[in-house]
Amino acid sequence: MPHDQAFVSVFDRGFMFGDGIYEVTPFYKGKPYRLEDHLDRLKYSLSQIEVELEIDLIRRTMLEAVSRAGLENSDCAVYVQITRGVAPRTHFYPQHIEPTLLLYAFPVTLEGFENKKASVLVSKDLRWHRCDIKSISLMANVRANNESHTAGLAENILLRKGYFTEGSHSSIFFVKNNTLYTHPEGPHILSGITRKAVIELCANLGIKLIEDCVHIDELVEVDEVFLTGTTTQILAVTSMFHKEEEVFSTTETGKITRALQNEFLRITR
Ligand code: PDD
């Protein structure tokens with residue numbers, strides 16, 4: 001329905017508590033990319049918050065949304081949000097309520113990422129300890145990202161106890177001694193679908209990859225940094241600021257980043 005006719009109750013628990021989860025799936029020229037991976041992650045998030053909803057219905061509606069929005073030949077994405085539903089405000093889960101499903105397709109620029117270079121801000125990771133759930137409660141991410149935006153920077157990368165976890169809405173990779181490093185899966189990062197694709201590409205290209213944390217003190221040994229994500233794609237980071245000091249700087253997109261960008265373009269377009 002037209003967005004100005006779509007309404008949600010003020011007692012929706014998504015509105016009151018941020019009690020819900022979401023997913024963003026890219027469509028290249030109208031074709032979904034790794035749809036089943038996105039649906040599996042959605043299913044995982046739902047199971048972790050103990051909400052039940054039929055995944056087949058979501059899959060069908062996502063595809064329908066793209067064609068109903070007239071985006072079947074365009075680069076676009078589908079946003080899916082599921083909240084626990086509508087009930088008088090109690091912290092415990094109310095019984096017998098229907099989840100609220102919000103889903104829409106929107107055009108998005110997925111081209112040209114390989115020509116960009118990002119400067120980012122290093123911020124404290126103030127999020128909770130279940131970042132593996134794609135929760136709509138994004139206060140820490142929003143606050144951090146606004147700080148980088150205000151400073152004229154593209155994204156912020158988050159530090160937990162001195163170790164890089166991920167971006168406010170992207171995953172992060174480092175190249176050190178021709179080896180790629182990224183934070184292991186677990187409660188402190190979202191298991192990114194683009195991250196997973198990059199890990200697979202490493203195997204195809206013979207690039208050594210280690211799922212291990214990188215400490216801020218190791219930056220002196222780091223040659224390349226890049227971010228990945230549905231809306232970010234694979235974005236070279238050429239400058240990093242921490243407490244107003246530039247802690248990482250390079251002029252060009254590194255050779256491993258470039259090889260991965262080229263391979264990603266080849267398989268997705
Ligand atoms: N964000 N880490 C975080 C915290 C994210 O929010 C995202 C994606 C990623 C990358 O995941 P993926 O490759 O599956 O998109 C990593 C979405 C795009 C968003 O919040 O809009």
# chains A, B, ... in the order shown; residues from 1 in each chain; ligands from 1
call {"tool": "residues_near_ligand", "arguments": {"ligand": "ligand 1", "cutoff": "10 Å", "atoms": "only C-alpha atoms and all ligand atoms", "output": "PyMOL selection string"}}
result
chain A and resi 22-26+34+37-38+41+77+79+127+131-136+138+141-142+157-158+165-172+188-198+227-234
call {"tool": "write_last_selection", "arguments": {"atoms": "N, CA and C atoms", "output": "compact mmCIF listing (two decimals), in the first residue's frame"}}
result
# COMPACT_ATOMS: atom_id res chain seq x y z
N TYR A 22 15.26 -6.94 11.96
CA TYR A 22 15.10 -6.51 10.57
C TYR A 22 16.11 -7.20 9.68
N GLU A 23 15.96 -6.94 8.39
CA GLU A 23 16.86 -7.52 7.39
C GLU A 23 16.87 -6.59 6.18
N VAL A 24 18.02 -6.44 5.53
CA VAL A 24 18.10 -5.65 4.29
C VAL A 24 18.75 -6.53 3.23
N THR A 25 18.01 -6.79 2.15
CA THR A 25 18.49 -7.70 1.09
C THR A 25 18.69 -6.93 -0.21
N PRO A 26 19.86 -7.07 -0.83
CA PRO A 26 20.06 -6.35 -2.10
C PRO A 26 19.50 -7.11 -3.30
N ARG A 34 21.81 -13.65 -2.79
CA ARG A 34 21.92 -14.48 -1.59
C ARG A 34 20.66 -14.38 -0.72
N ASP A 37 20.42 -16.77 2.18
CA ASP A 37 21.29 -16.40 3.32
C ASP A 37 20.60 -15.32 4.17
N HIS A 38 19.99 -14.35 3.48
CA HIS A 38 19.30 -13.28 4.22
C HIS A 38 18.10 -13.84 4.99
N ARG A 41 19.29 -15.73 8.03
CA ARG A 41 19.67 -14.83 9.12
C ARG A 41 18.42 -14.23 9.78
N ALA A 77 16.79 -2.61 -2.91
CA ALA A 77 16.91 -3.44 -1.72
C ALA A 77 15.53 -3.59 -1.11
N TYR A 79 13.68 -3.91 2.57
CA TYR A 79 13.78 -3.80 4.03
C TYR A 79 12.63 -4.61 4.63
N ARG A 127 27.62 -1.04 22.04
CA ARG A 127 26.43 -1.87 21.82
C ARG A 127 26.33 -2.99 22.85
N CYS A 131 25.08 -8.68 19.33
CA CYS A 131 25.10 -8.00 18.02
C CYS A 131 24.85 -8.98 16.88
N ASP A 132 24.83 -10.29 17.20
CA ASP A 132 24.52 -11.31 16.18
C ASP A 132 23.03 -11.29 15.82
N ILE A 133 22.20 -10.68 16.68
CA ILE A 133 20.77 -10.53 16.37
C ILE A 133 20.61 -9.20 15.63
N LYS A 134 19.94 -9.23 14.47
CA LYS A 134 19.79 -7.97 13.72
C LYS A 134 18.61 -7.18 14.29
N SER A 135 18.86 -6.64 15.48
CA SER A 135 17.82 -5.95 16.26
C SER A 135 17.54 -4.56 15.69
N ILE A 136 16.29 -4.14 15.76
CA ILE A 136 15.95 -2.77 15.34
C ILE A 136 16.36 -1.75 16.41
N LEU A 138 18.79 0.27 17.65
CA LEU A 138 20.10 0.63 17.08
C LEU A 138 20.66 1.92 17.67
N ASN A 141 24.42 2.35 17.50
CA ASN A 141 24.88 2.47 16.11
C ASN A 141 24.55 3.86 15.56
N VAL A 142 23.34 4.33 15.87
CA VAL A 142 22.87 5.62 15.37
C VAL A 142 23.71 6.76 15.95
N ILE A 157 34.14 2.84 12.75
CA ILE A 157 34.42 1.45 13.07
C ILE A 157 34.59 1.37 14.57
N LEU A 158 34.09 0.28 15.11
CA LEU A 158 33.87 0.20 16.54
C LEU A 158 34.95 -0.62 17.22
N THR A 165 35.63 -4.45 16.08
CA THR A 165 34.56 -5.43 15.88
C THR A 165 34.00 -5.30 14.46
N GLU A 166 33.33 -4.17 14.17
CA GLU A 166 32.74 -3.93 12.84
C GLU A 166 32.36 -2.46 12.74
N GLY A 167 31.72 -2.09 11.62
CA GLY A 167 31.25 -0.72 11.45
C GLY A 167 29.88 -0.55 12.07
N SER A 168 29.33 0.68 12.05
CA SER A 168 27.99 0.89 12.61
C SER A 168 26.94 0.20 11.76
N HIS A 169 27.23 0.02 10.46
CA HIS A 169 26.32 -0.74 9.59
C HIS A 169 27.09 -1.47 8.50
N SER A 170 28.29 -1.96 8.85
CA SER A 170 29.11 -2.69 7.87
C SER A 170 30.07 -3.61 8.63
N SER A 171 30.64 -4.56 7.90
CA SER A 171 31.67 -5.44 8.49
C SER A 171 33.03 -4.87 8.10
N ILE A 172 34.08 -5.29 8.80
CA ILE A 172 35.40 -4.73 8.51
C ILE A 172 36.46 -5.83 8.30
N HIS A 188 29.54 -10.43 19.28
CA HIS A 188 29.99 -9.04 19.16
C HIS A 188 29.97 -8.49 17.74
N ILE A 189 29.55 -9.32 16.77
CA ILE A 189 29.35 -8.77 15.42
C ILE A 189 28.08 -9.37 14.82
N LEU A 190 27.58 -8.67 13.78
CA LEU A 190 26.52 -9.25 12.97
C LEU A 190 27.22 -10.16 11.95
N SER A 191 26.63 -11.31 11.71
CA SER A 191 27.22 -12.21 10.72
C SER A 191 26.82 -11.69 9.33
N GLY A 192 27.66 -10.82 8.76
CA GLY A 192 27.32 -10.13 7.51
C GLY A 192 27.27 -11.10 6.33
N ILE A 193 26.29 -10.89 5.46
CA ILE A 193 26.17 -11.75 4.27
C ILE A 193 27.26 -11.36 3.26
N THR A 194 27.57 -10.07 3.14
CA THR A 194 28.64 -9.66 2.23
C THR A 194 29.99 -10.13 2.78
N ARG A 195 30.13 -10.11 4.10
CA ARG A 195 31.33 -10.66 4.76
C ARG A 195 31.51 -12.12 4.35
N LYS A 196 30.41 -12.88 4.41
CA LYS A 196 30.46 -14.30 4.05
C LYS A 196 30.87 -14.48 2.58
N ALA A 197 30.30 -13.61 1.71
CA ALA A 197 30.63 -13.68 0.28
C ALA A 197 32.13 -13.41 0.08
N VAL A 198 32.67 -12.42 0.80
CA VAL A 198 34.10 -12.08 0.67
C VAL A 198 34.97 -13.24 1.14
N LEU A 227 35.60 -2.07 4.12
CA LEU A 227 34.30 -2.36 4.75
C LEU A 227 33.45 -3.15 3.77
N THR A 228 32.57 -3.99 4.30
CA THR A 228 31.62 -4.69 3.42
C THR A 228 30.22 -4.58 3.99
N GLY A 229 29.24 -4.66 3.10
CA GLY A 229 27.84 -4.62 3.54
C GLY A 229 26.92 -4.52 2.33
N THR A 230 25.65 -4.78 2.57
CA THR A 230 24.66 -4.75 1.51
C THR A 230 24.63 -3.38 0.83
N THR A 231 24.62 -2.31 1.62
CA THR A 231 24.55 -0.98 1.02
C THR A 231 25.94 -0.39 0.79
N THR A 232 26.97 -1.00 1.43
CA THR A 232 28.35 -0.52 1.33
C THR A 232 29.10 -1.21 0.20
N GLN A 233 28.71 -2.45 -0.10
CA GLN A 233 29.40 -3.35 -1.04
C GLN A 233 30.82 -3.64 -0.51
N ILE A 234 31.89 -3.32 -1.29
CA ILE A 234 33.25 -3.50 -0.75
C ILE A 234 33.93 -2.15 -0.90
call {"tool": "residues_around", "arguments": {"residues": "Ser148 of chain A", "least_positions_apart": "2", "cutoff": "10 Å", "atoms": "only C-alpha atoms", "output": "mmCIF file with N, CA and C atoms, in the first residue's frame"}}
result
data_model
loop_
_atom_site.group_PDB
_atom_site.id
_atom_site.type_symbol
_atom_site.label_atom_id
_atom_site.label_comp_id
_atom_site.auth_asym_id
_atom_site.auth_seq_id
_atom_site.Cartn_x
_atom_site.Cartn_y
_atom_site.Cartn_z
ATOM 1 N N SER A 119 36.994 7.695 4.454
ATOM 2 C CA SER A 119 37.674 8.069 5.688
ATOM 3 C C SER A 119 36.704 7.739 6.810
ATOM 4 N N VAL A 120 37.186 7.096 7.848
ATOM 5 C CA VAL A 120 36.283 6.639 8.912
ATOM 6 C C VAL A 120 36.765 7.085 10.289
ATOM 7 N N LEU A 121 35.829 7.037 11.216
ATOM 8 C CA LEU A 121 36.103 7.414 12.598
ATOM 9 C C LEU A 121 36.140 6.153 13.459
ATOM 10 N N VAL A 122 37.116 6.063 14.339
ATOM 11 C CA VAL A 122 37.151 4.940 15.277
ATOM 12 C C VAL A 122 36.370 5.367 16.523
ATOM 13 N N SER A 123 35.328 4.615 16.858
ATOM 14 C CA SER A 123 34.498 4.941 18.026
ATOM 15 C C SER A 123 34.441 3.755 18.974
ATOM 16 N N ARG A 143 23.948 6.674 17.248
ATOM 17 C CA ARG A 143 24.747 7.722 17.910
ATOM 18 C C ARG A 143 26.165 7.761 17.356
ATOM 19 N N ALA A 144 26.751 6.592 17.219
ATOM 20 C CA ALA A 144 28.123 6.522 16.706
ATOM 21 C C ALA A 144 28.174 7.048 15.275
ATOM 22 N N ASN A 145 27.233 6.599 14.442
ATOM 23 C CA ASN A 145 27.275 7.005 13.041
ATOM 24 C C ASN A 145 27.038 8.496 12.873
ATOM 25 N N ASN A 146 26.221 9.064 13.736
ATOM 26 C CA ASN A 146 25.985 10.499 13.643
ATOM 27 C C ASN A 146 27.253 11.289 13.961
ATOM 28 N N THR A 150 28.789 13.838 11.316
ATOM 29 C CA THR A 150 29.017 15.239 11.692
ATOM 30 C C THR A 150 30.465 15.649 11.419
ATOM 31 N N ALA A 151 31.375 14.705 11.562
ATOM 32 C CA ALA A 151 32.793 15.004 11.309
ATOM 33 C C ALA A 151 33.124 14.911 9.814
ATOM 34 N N GLY A 152 32.098 14.652 8.976
ATOM 35 C CA GLY A 152 32.322 14.569 7.526
ATOM 36 C C GLY A 152 32.958 13.253 7.109
ATOM 37 N N LEU A 153 32.809 12.204 7.946
ATOM 38 C CA LEU A 153 33.423 10.910 7.637
ATOM 39 C C LEU A 153 32.348 9.904 7.221
ATOM 40 N N ALA A 154 32.786 8.863 6.494
ATOM 41 C CA ALA A 154 31.836 7.967 5.842
ATOM 42 C C ALA A 154 31.177 6.955 6.786
ATOM 43 N N GLU A 155 31.913 6.512 7.777
ATOM 44 C CA GLU A 155 31.391 5.428 8.635
ATOM 45 C C GLU A 155 32.249 5.452 9.895
ATOM 46 N N ASN A 156 31.803 4.770 10.927
ATOM 47 C CA ASN A 156 32.708 4.599 12.067
ATOM 48 C C ASN A 156 32.925 3.127 12.295
ATOM 49 N N ILE A 157 34.145 2.837 12.746
ATOM 50 C CA ILE A 157 34.425 1.453 13.069
ATOM 51 C C ILE A 157 34.589 1.371 14.574
ATOM 52 N N SER A 168 29.335 0.683 12.049
ATOM 53 C CA SER A 168 27.992 0.891 12.612
ATOM 54 C C SER A 168 26.940 0.204 11.760
ATOM 55 N N PHE A 241 40.490 7.900 11.676
ATOM 56 C CA PHE A 241 40.764 8.874 12.744
ATOM 57 C C PHE A 241 40.342 8.318 14.096
#
call {"tool": "closest_atom_pairs", "arguments": {"of": "segment 56-79 of chain A", "to": "segment 93-116 of chain A", "cutoff": "6 Å", "atoms": "only C-alpha atoms", "output": "Markdown table"}}
result
| residue | atom | partner | partner_atom | distance |
| --- | --- | --- | --- | --- |
| A:Ala65 | CA | A:Ala105 | CA | 5.7 |
| A:Val66 | CA | A:Ala105 | CA | 5.5 |
| A:Asp75 | CA | A:Val108 | CA | 5.9 |
| A:Cys76 | CA | A:Pro107 | CA | 4.1 |
| A:Ala77 | CA | A:Phe106 | CA | 5.6 |
| A:Val78 | CA | A:Ala105 | CA | 4.3 |
| A:Tyr79 | CA | A:Tyr104 | CA | 5.5 |
call {"tool": "write_last_selection", "arguments": {"atoms": "N, CA and C atoms", "output": "PDB file, in the first residue's frame"}}
result
ATOM      1  N   ALA A  65       7.114  -7.328  -3.621  1.00  0.00           N
ATOM      2  CA  ALA A  65       7.340  -5.896  -3.334  1.00  0.00           C
ATOM      3  C   ALA A  65       8.199  -5.262  -4.423  1.00  0.00           C
ATOM      4  N   VAL A  66       9.221  -6.012  -4.894  1.00  0.00           N
ATOM      5  CA  VAL A  66      10.120  -5.474  -5.929  1.00  0.00           C
ATOM      6  C   VAL A  66       9.339  -5.237  -7.214  1.00  0.00           C
ATOM      7  N   ASP A  75      18.600  -1.670  -9.606  1.00  0.00           N
ATOM      8  CA  ASP A  75      19.300  -2.000  -8.363  1.00  0.00           C
ATOM      9  C   ASP A  75      18.423  -1.483  -7.225  1.00  0.00           C
ATOM     10  N   CYS A  76      18.124  -2.359  -6.301  1.00  0.00           N
ATOM     11  CA  CYS A  76      17.243  -1.957  -5.200  1.00  0.00           C
ATOM     12  C   CYS A  76      17.509  -2.850  -3.982  1.00  0.00           C
ATOM     13  N   ALA A  77      16.785  -2.613  -2.914  1.00  0.00           N
ATOM     14  CA  ALA A  77      16.911  -3.441  -1.720  1.00  0.00           C
ATOM     15  C   ALA A  77      15.530  -3.586  -1.108  1.00  0.00           C
ATOM     16  N   VAL A  78      15.358  -4.641  -0.324  1.00  0.00           N
ATOM     17  CA  VAL A  78      14.097  -4.823   0.392  1.00  0.00           C
ATOM     18  C   VAL A  78      14.390  -4.770   1.890  1.00  0.00           C
ATOM     19  N   TYR A  79      13.679  -3.911   2.574  1.00  0.00           N
ATOM     20  CA  TYR A  79      13.776  -3.803   4.029  1.00  0.00           C
ATOM     21  C   TYR A  79      12.627  -4.612   4.629  1.00  0.00           C
TER      22      TYR A  79
END
call {"tool": "select_by_dssp", "arguments": {"residues": "segment 26-217 of chain A", "states": "alpha helix (DSSP H)", "output": "count of residues only"}}
result
54
call {"tool": "closest_residue", "arguments": {"among": "A:Asp40, A:Glu224, A:Glu211, A:Glu185", "to": "Arg59 of chain A", "atoms": "only C-alpha atoms"}}
result
A:Asp40
call {"tool": "residues_around", "arguments": {"residues": "Ile55 of chain A", "least_positions_apart": "4", "cutoff": "10 Å", "atoms": "only C-alpha atoms", "output": "list in words"}}
result
Leu39, Asp40, Leu42, Lys43, Arg59, Arg60 and Thr61 of chain A
call {"tool": "residues_around", "arguments": {"residues": "Met16 of chain A", "least_positions_apart": "4", "cutoff": "12 Å", "atoms": "only C-alpha atoms", "output": "PyMOL selection string"}}
result
chain A and resi 8-12+20+83-91+136-137
call {"tool": "write_last_selection", "arguments": {"atoms": "C-alpha atoms", "output": "CSV table (one decimal), in the first residue's frame"}}
result
chain,number,residue,atom,x,y,z
A,8,VAL,CA,1.3,1.0,13.0
A,9,SER,CA,-0.3,1.2,16.5
A,10,VAL,CA,1.4,3.5,19.0
A,11,PHE,CA,1.4,0.3,21.2
A,12,ASP,CA,3.4,-1.7,18.7
A,20,GLY,CA,11.9,-6.4,16.8
A,83,THR,CA,8.2,-6.7,15.7
A,84,ARG,CA,6.6,-8.7,18.4
A,85,GLY,CA,3.2,-7.0,17.8
A,86,VAL,CA,0.8,-4.7,19.6
A,87,ALA,CA,-0.1,-5.0,23.3
A,88,PRO,CA,-0.4,-2.8,26.4
A,89,ARG,CA,3.1,-2.0,27.6
A,90,THR,CA,4.7,-4.7,29.8
A,91,HIS,CA,8.4,-5.7,29.8
A,136,ILE,CA,15.9,-2.8,15.3
A,137,SER,CA,17.2,-1.3,18.6
call {"tool": "closest_residue", "arguments": {"among": "A:Pro184, A:Thr251, A:Glu36, A:Val237", "to": "Asp56 of chain A", "atoms": "only C-alpha atoms"}}
result
A:Glu36
call {"tool": "closest_residue", "arguments": {"among": "A:Gln5, A:Ser74, A:Asn177, A:Ser45", "to": "Ile207 of chain A", "atoms": "only C-alpha atoms"}}
result
A:Asn177
call {"tool": "select_by_dssp", "arguments": {"residues": "segment 16-264 of chain A", "states": "strand (DSSP E or B)", "output": "PyMOL selection string"}}
result
chain A and resi 20-28+31-32+76-83+86+100-107+117-124+135+155-160+163-167+171-176+179-182+208-211+215+224-229+233-242+245-249
